[in-house]
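Peer 1: Structure file query.cif (mmCIF, C-alpha atoms) right here:
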data_entry
loop_
_atom_site.label_atom_id
_atom_site.label_comp_id
_atom_site.auth_asym_id
_atom_site.auth_seq_id
_atom_site.Cartn_x
_atom_site.Cartn_y
_atom_site.Cartn_z
CA MET C 16 0.00 0.00 0.00
CA VAL C 17 1.25 3.51 -0.68
CA GLY C 18 1.76 5.78 2.30
CA LEU C 19 0.04 9.13 1.76
CA SER C 20 0.07 12.26 3.90
CA ILE C 21 -3.10 14.17 4.76
CA GLY C 22 -3.11 17.96 5.02
CA ILE C 23 -4.25 19.26 8.44
CA VAL C 24 -7.36 21.39 8.25
CA VAL C 25 -8.10 23.73 11.15
CA VAL C 26 -11.51 25.10 10.17
CA VAL C 27 -12.84 24.18 6.75
CA SER C 28 -16.56 23.75 6.28
CA GLY C 29 -17.38 20.37 4.75
CA CYS C 30 -13.77 19.25 4.51
CA GLY C 31 -12.48 18.05 7.84
CA GLN C 32 -12.15 18.64 11.53
CA VAL C 33 -9.04 18.20 13.62
CA ILE C 34 -9.19 15.45 16.20
CA SER C 35 -5.93 14.56 17.95
CA GLY C 36 -3.96 16.21 15.16
CA LYS C 37 -5.53 14.24 12.30
CA ALA C 38 -7.95 15.45 9.65
CA GLU C 39 -11.21 13.55 9.94
CA PRO C 40 -13.95 13.65 7.27
CA VAL C 41 -17.32 15.20 7.94
CA ALA C 42 -20.43 15.44 5.79
CA PRO C 43 -19.50 17.23 2.54
CA SER C 44 -21.09 20.54 1.67
CA PRO C 45 -22.72 20.67 -1.80
CA ASP C 46 -21.27 24.16 -2.40
CA LEU C 47 -17.69 23.27 -1.50
CA CYS C 48 -15.40 22.77 -4.49
CA ASP C 49 -12.79 20.05 -4.52
CA ALA C 50 -9.27 21.31 -3.91
CA VAL C 51 -7.82 18.55 -6.09
CA VAL C 52 -9.40 16.32 -8.73
CA MET C 53 -7.37 13.53 -10.29
CA PHE C 54 -8.77 11.79 -13.35
CA VAL C 55 -7.73 8.15 -13.65
CA LEU C 56 -8.51 7.10 -17.22
CA ASP C 57 -8.59 3.58 -18.62
CA VAL C 58 -6.65 3.45 -21.90
CA SER C 59 -6.84 -0.30 -22.48
CA LEU C 60 -7.64 -1.54 -26.00
CA SER C 61 -11.30 -2.08 -25.14
CA MET C 62 -11.73 1.70 -24.95
CA GLU C 63 -11.73 1.63 -28.77
CA ALA C 64 -15.15 -0.06 -28.79
CA THR C 65 -17.76 1.87 -30.76
CA ASP C 66 -20.81 0.98 -28.67
CA VAL C 67 -20.32 4.49 -27.25
CA ALA C 68 -20.09 6.47 -30.48
CA PRO C 69 -17.71 7.29 -32.02
CA ASN C 70 -15.73 5.22 -29.49
CA ARG C 71 -15.35 5.03 -25.74
CA LEU C 72 -12.03 6.85 -25.52
CA ALA C 73 -13.07 9.73 -27.79
CA VAL C 74 -16.20 10.29 -25.73
CA ALA C 75 -14.23 10.18 -22.48
CA LYS C 76 -11.76 12.76 -23.79
CA GLN C 77 -14.48 15.14 -24.95
CA ALA C 78 -16.43 14.96 -21.69
CA MET C 79 -13.27 15.40 -19.62
CA LYS C 80 -12.30 18.51 -21.58
CA GLU C 81 -15.73 20.01 -21.04
CA TYR C 82 -15.49 19.20 -17.33
CA ALA C 83 -12.07 20.89 -17.14
CA GLN C 84 -13.39 24.05 -18.78
CA GLY C 85 -16.18 24.37 -16.24
CA LEU C 86 -14.12 23.50 -13.18
CA ALA C 87 -13.59 26.11 -10.48
CA PRO C 88 -10.38 28.03 -11.34
CA GLY C 89 -8.73 27.25 -8.01
CA THR C 90 -9.19 23.49 -8.26
CA HIS C 91 -6.07 21.54 -9.17
CA LEU C 92 -6.75 19.03 -11.94
CA GLY C 93 -4.51 16.12 -12.91
CA LEU C 94 -4.53 13.07 -15.16
CA ALA C 95 -3.24 9.52 -14.77
CA THR C 96 -3.80 6.76 -17.31
CA PHE C 97 -3.59 3.01 -17.06
CA ALA C 98 -3.57 -0.08 -19.24
CA GLY C 99 -1.07 -2.79 -18.33
CA THR C 100 0.80 -0.18 -16.29
CA ALA C 101 -0.13 3.27 -15.00
CA SER C 102 1.51 6.67 -15.36
CA VAL C 103 0.88 10.30 -14.47
CA GLN C 104 0.27 12.38 -17.60
CA THR C 105 0.08 15.64 -15.67
CA THR C 106 0.29 16.31 -11.95
CA PRO C 107 -2.63 18.26 -10.47
CA THR C 108 -2.44 21.88 -11.65
CA THR C 109 -4.69 24.87 -12.24
CA ASN C 110 -3.28 25.06 -15.78
CA ARG C 111 -6.13 23.67 -17.88
CA THR C 112 -4.05 23.78 -21.06
CA ALA C 113 -1.56 21.36 -19.52
CA PHE C 114 -4.42 18.99 -18.71
CA THR C 115 -6.00 19.06 -22.19
CA THR C 116 -2.61 18.72 -23.89
CA ALA C 117 -1.84 15.65 -21.79
CA LEU C 118 -5.27 14.23 -22.54
CA ASP C 119 -4.77 14.64 -26.30
CA SER C 120 -1.52 12.67 -26.15
CA VAL C 121 -2.83 9.45 -24.54
CA ARG C 122 -2.64 6.22 -26.51
CA LEU C 123 -4.27 2.81 -26.10
CA ALA C 124 -2.36 -0.22 -24.83
CA GLU C 125 -2.97 -3.82 -23.76
CA ARG C 126 -4.36 -5.13 -20.44
CA THR C 127 -6.09 -3.35 -17.55
CA ALA C 128 -4.34 -2.60 -14.24
CA THR C 129 -7.08 -0.65 -12.49
CA GLY C 130 -5.49 -0.86 -9.06
CA GLU C 131 -2.24 0.59 -10.36
CA GLY C 132 -4.22 3.44 -11.90
CA ILE C 133 -5.85 4.32 -8.58
CA PHE C 134 -2.61 4.02 -6.62
CA THR C 135 -0.89 6.26 -9.18
CA GLY C 136 -3.65 8.84 -8.82
CA LEU C 137 -3.28 8.80 -5.03
CA THR C 138 0.48 9.27 -5.31
CA ALA C 139 0.01 12.26 -7.65
CA ILE C 140 -2.35 13.92 -5.18
CA ASP C 141 0.09 13.21 -2.37
CA SER C 142 2.87 14.93 -4.33
CA VAL C 143 0.81 18.13 -4.36
CA ASP C 144 -0.02 17.78 -0.67
CA ARG C 145 3.68 17.48 0.22
CA VAL C 146 4.51 20.75 -1.54
CA ALA C 147 1.50 22.71 -0.26
CA PRO C 148 -0.83 20.94 2.19
CA ILE C 149 -4.29 20.45 0.71
CA THR C 150 -6.93 22.28 2.76
CA GLY C 151 -10.00 21.06 0.94
CA PRO C 152 -11.61 17.91 -0.42
CA ARG C 153 -9.71 15.72 -2.84
CA ARG C 154 -11.24 13.28 -5.31
CA ILE C 155 -10.32 10.68 -7.92
CA ILE C 156 -12.62 10.33 -10.92
CA LEU C 157 -12.12 6.88 -12.42
CA ILE C 158 -13.40 6.36 -15.98
CA SER C 159 -13.16 2.76 -17.13
CA ASP C 160 -15.04 0.24 -19.21
CA GLY C 161 -13.81 -3.15 -18.15
CA LYS C 162 -12.69 -5.43 -15.42
CA GLN C 163 -9.16 -5.41 -14.07
CA THR C 164 -6.91 -8.05 -15.67
CA ILE C 165 -3.65 -7.34 -13.78
CA PRO C 166 -3.64 -8.76 -11.19
CA LEU C 167 -6.60 -11.08 -11.73
CA ASP C 168 -7.69 -10.82 -8.08
CA LEU C 169 -9.02 -7.35 -7.27
CA ASP C 170 -8.14 -7.93 -3.60
CA GLU C 171 -4.44 -8.48 -4.33
CA PRO C 172 -2.16 -5.86 -2.70
CA ARG C 173 -1.97 -3.92 -5.99
CA GLY C 174 -5.54 -4.71 -7.00
CA ALA C 175 -8.37 -2.25 -7.46
CA TYR C 176 -10.22 -3.15 -4.27
CA SER C 177 -7.05 -2.72 -2.20
CA ALA C 178 -6.45 0.65 -3.89
CA ALA C 179 -10.03 1.69 -3.14
CA ARG C 180 -9.56 0.85 0.55
CA GLU C 181 -6.37 2.93 0.58
CA ALA C 182 -8.26 5.82 -1.01
CA ASN C 183 -10.83 5.60 1.77
CA THR C 184 -8.09 5.60 4.40
CA VAL C 185 -6.63 8.86 3.08
CA HIS C 186 -10.07 10.47 2.58
CA THR C 187 -9.88 10.52 -1.21
CA PRO C 188 -13.12 9.03 -2.54
CA VAL C 189 -13.13 7.43 -5.97
CA SER C 190 -16.05 8.50 -8.14
CA ALA C 191 -16.18 5.56 -10.55
CA ILE C 192 -17.86 5.85 -13.94
CA SER C 193 -18.55 2.71 -15.97
CA LEU C 194 -18.36 3.75 -19.63
CA GLY C 195 -19.82 1.36 -22.19
CA THR C 196 -22.48 -1.29 -22.70
CA ALA C 197 -22.76 -5.06 -22.68
CA ASP C 198 -22.44 -5.02 -26.49
CA GLY C 199 -18.94 -3.58 -26.88
CA VAL C 200 -16.70 -5.23 -29.51
CA VAL C 201 -13.17 -4.47 -30.70
CA GLU C 202 -11.05 -5.90 -33.50
CA ILE C 203 -7.56 -7.08 -32.61
CA PRO C 204 -4.82 -8.59 -34.79
CA ASP C 205 -4.42 -12.38 -34.71
CA HIS C 206 -2.95 -15.11 -36.90
CA THR C 207 -5.91 -14.88 -39.29
CA GLY C 208 -5.76 -11.11 -39.67
CA ARG C 209 -8.17 -9.46 -37.27
CA ALA C 210 -10.53 -11.02 -34.76
CA ARG C 211 -13.63 -9.50 -33.20
CA VAL C 212 -13.53 -9.69 -29.42
CA ARG C 213 -16.40 -8.87 -27.08
CA VAL C 214 -15.52 -6.24 -24.46
CA PRO C 215 -18.63 -5.72 -22.32
CA ALA C 216 -18.53 -3.00 -19.69
CA ASP C 217 -18.08 -4.23 -16.13
CA PRO C 218 -20.11 -1.97 -13.85
CA ASP C 219 -20.08 -4.39 -10.90
CA SER C 220 -16.39 -4.05 -10.05
CA LEU C 221 -16.49 -0.28 -10.55
CA ARG C 222 -19.50 -0.01 -8.26
CA GLU C 223 -17.56 -1.89 -5.58
CA ILE C 224 -14.51 0.34 -6.03
CA ALA C 225 -16.70 3.36 -5.42
CA ARG C 226 -18.30 1.77 -2.35
CA LEU C 227 -15.02 0.72 -0.77
CA SER C 228 -13.50 4.16 -1.28
CA GLY C 229 -16.51 6.08 0.00
CA GLY C 230 -17.17 7.52 -3.45
CA THR C 231 -20.05 7.49 -5.90
CA PHE C 232 -20.87 5.28 -8.87
CA HIS C 233 -22.24 6.24 -12.28
CA THR C 234 -22.84 4.56 -15.62
CA ALA C 235 -22.68 6.11 -19.09
CA ALA C 236 -23.29 4.80 -22.58
CA THR C 237 -23.41 8.13 -24.47
CA LEU C 238 -21.59 11.45 -24.39
CA PRO C 239 -24.58 13.24 -22.77
CA GLN C 240 -24.74 10.58 -20.05
CA LEU C 241 -21.03 10.91 -19.30
CA THR C 242 -21.29 14.69 -19.31
CA SER C 243 -24.20 14.45 -16.88
CA ALA C 244 -22.25 12.15 -14.57
CA LEU C 245 -19.32 14.57 -14.51
CA THR C 246 -21.68 17.50 -13.94
CA ASP C 247 -23.00 15.69 -10.87
CA LEU C 248 -19.42 15.64 -9.56
CA SER C 249 -18.91 19.39 -10.02
CA CYS C 250 -19.26 21.88 -7.19
CA ARG C 251 -22.29 24.13 -7.37
CA THR C 252 -20.93 27.51 -6.33
#
Can you turn what I pasted into structure tokens?
Peer 2:
Amino acid sequence: MVGLSIGIVVVVSGCGQVISGKAEPVAPSPDLCDAVVMFVLDVSLSMEATDVAPNRLAVAKQAMKEYAQGLAPGTHLGLATFAGTASVQTTPTTNRTAFTTALDSVRLAERTATGEGIFTGLTAIDSVDRVAPITGPRRIILISDGKQTIPLDLDEPRGAYSAAREANTVHTPVSAISLGTADGVVEIPDHTGRARVRVPADPDSLREIARLSGGTFHTAATLPQLTSALTDLSCRT
């Protein structure tokens, strides 16, 4: 498990209260903006499926850009991506151009290491907290379409459920969005040329990730539905 520091909050409505020197969560206020939002985006090959037109990844990118444009100016926004491995594309920043540029550069790859994606997002948030302690809510928004394949067991130390529990421990809820339908199909190269492979969305594991982390769960099968889900995660000041 990654060890993450928590910024101490003295008096912050809806963010935390100090008890014995530790920040403890209290009921969130609907008009309190997140201090840090970290997108964790699935870039596995299944995100090329066209059941969400024109394809899952293109829709995710467009909705994320719209979300970034409407985000409160003071909120730090970052991006991590994952397929077989995970990496930070941009650390949380108020520079929206840096975020959209990083988003435009992502490419698809094989396999799905959801837990690594979440852990990487937590580490990126922690890097900001170490430089300037975060005195407001922090959140991960996970957009994915399929079930973790590395490791196979979601409860493994680097699995998605373990990462979700860590997120809960450091008061960073994961708002998980299942993007796609049961009818997703992609074409991949094989010895005969190209083979059609079914890639149904897997909302069940994403719902459990959200629950374990203390976050929320959403589903989307169109751009408007994804935009609506992200709007629900925006502050209302």
Peer 1: Taking into account only C-alpha atoms, which residue in the set C:Leu194, C:Val143, C:Val189, C:Ala128 is nearest to Asp217 (chain C)?
Peer 2: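 For Asp217 (chain C), the nearest of the given residues is C:Leu194.
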Peer 1: Residue by residue, what does the PyMOL selection byres ((chain C and resi 59) around 9) grab here? Present the result as JSON, numbers by chain.
Peer 2: {"C": [57, 58, 60, 61, 62, 63, 97, 98, 99, 122, 123, 124, 125, 126, 127, 128, 159, 160, 161]}
Peer 1: Please save C-alpha atoms of the selected residues as a compact mmCIF listing (two decimals), keeping the file's coordinate frame.
Peer 2:
# COMPACT_ATOMS: atom_id res chain seq x y z
CA ASP C 57 -8.59 3.58 -18.62
CA VAL C 58 -6.65 3.45 -21.90
CA LEU C 60 -7.64 -1.54 -26.00
CA SER C 61 -11.30 -2.08 -25.14
CA MET C 62 -11.73 1.70 -24.95
CA GLU C 63 -11.73 1.63 -28.77
CA PHE C 97 -3.59 3.01 -17.06
CA ALA C 98 -3.57 -0.08 -19.24
CA GLY C 99 -1.07 -2.79 -18.33
CA ARG C 122 -2.64 6.22 -26.51
CA LEU C 123 -4.27 2.81 -26.10
CA ALA C 124 -2.36 -0.22 -24.83
CA GLU C 125 -2.97 -3.82 -23.76
CA ARG C 126 -4.36 -5.13 -20.44
CA THR C 127 -6.09 -3.35 -17.55
CA ALA C 128 -4.34 -2.60 -14.24
CA SER C 159 -13.16 2.76 -17.13
CA ASP C 160 -15.04 0.24 -19.21
CA GLY C 161 -13.81 -3.15 -18.15
Peer 1: List, as a count of residues only, every residue that the PyMOL selection byres ((chain C and resi 119) around 10) selects in the file provided.
Peer 2: 12
Peer 1: Excluding same-chain residues fewer than 3 positions from Glu131 (chain C), what lies within 7 Å of it counting only C-alpha atoms, as a PyMOL selection string?
Peer 2: chain C and resi 100-101+128+134-135+173
Peer 1: When distances are computed from all atoms listed in the file, which of C:Pro188, C:Val67, C:Ser249, C:Thr207 shows the smallest separation from Thr231 (chain C)?
Peer 2: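 Closest to Thr231 (chain C), using all atoms listed in the file: C:Pro188.
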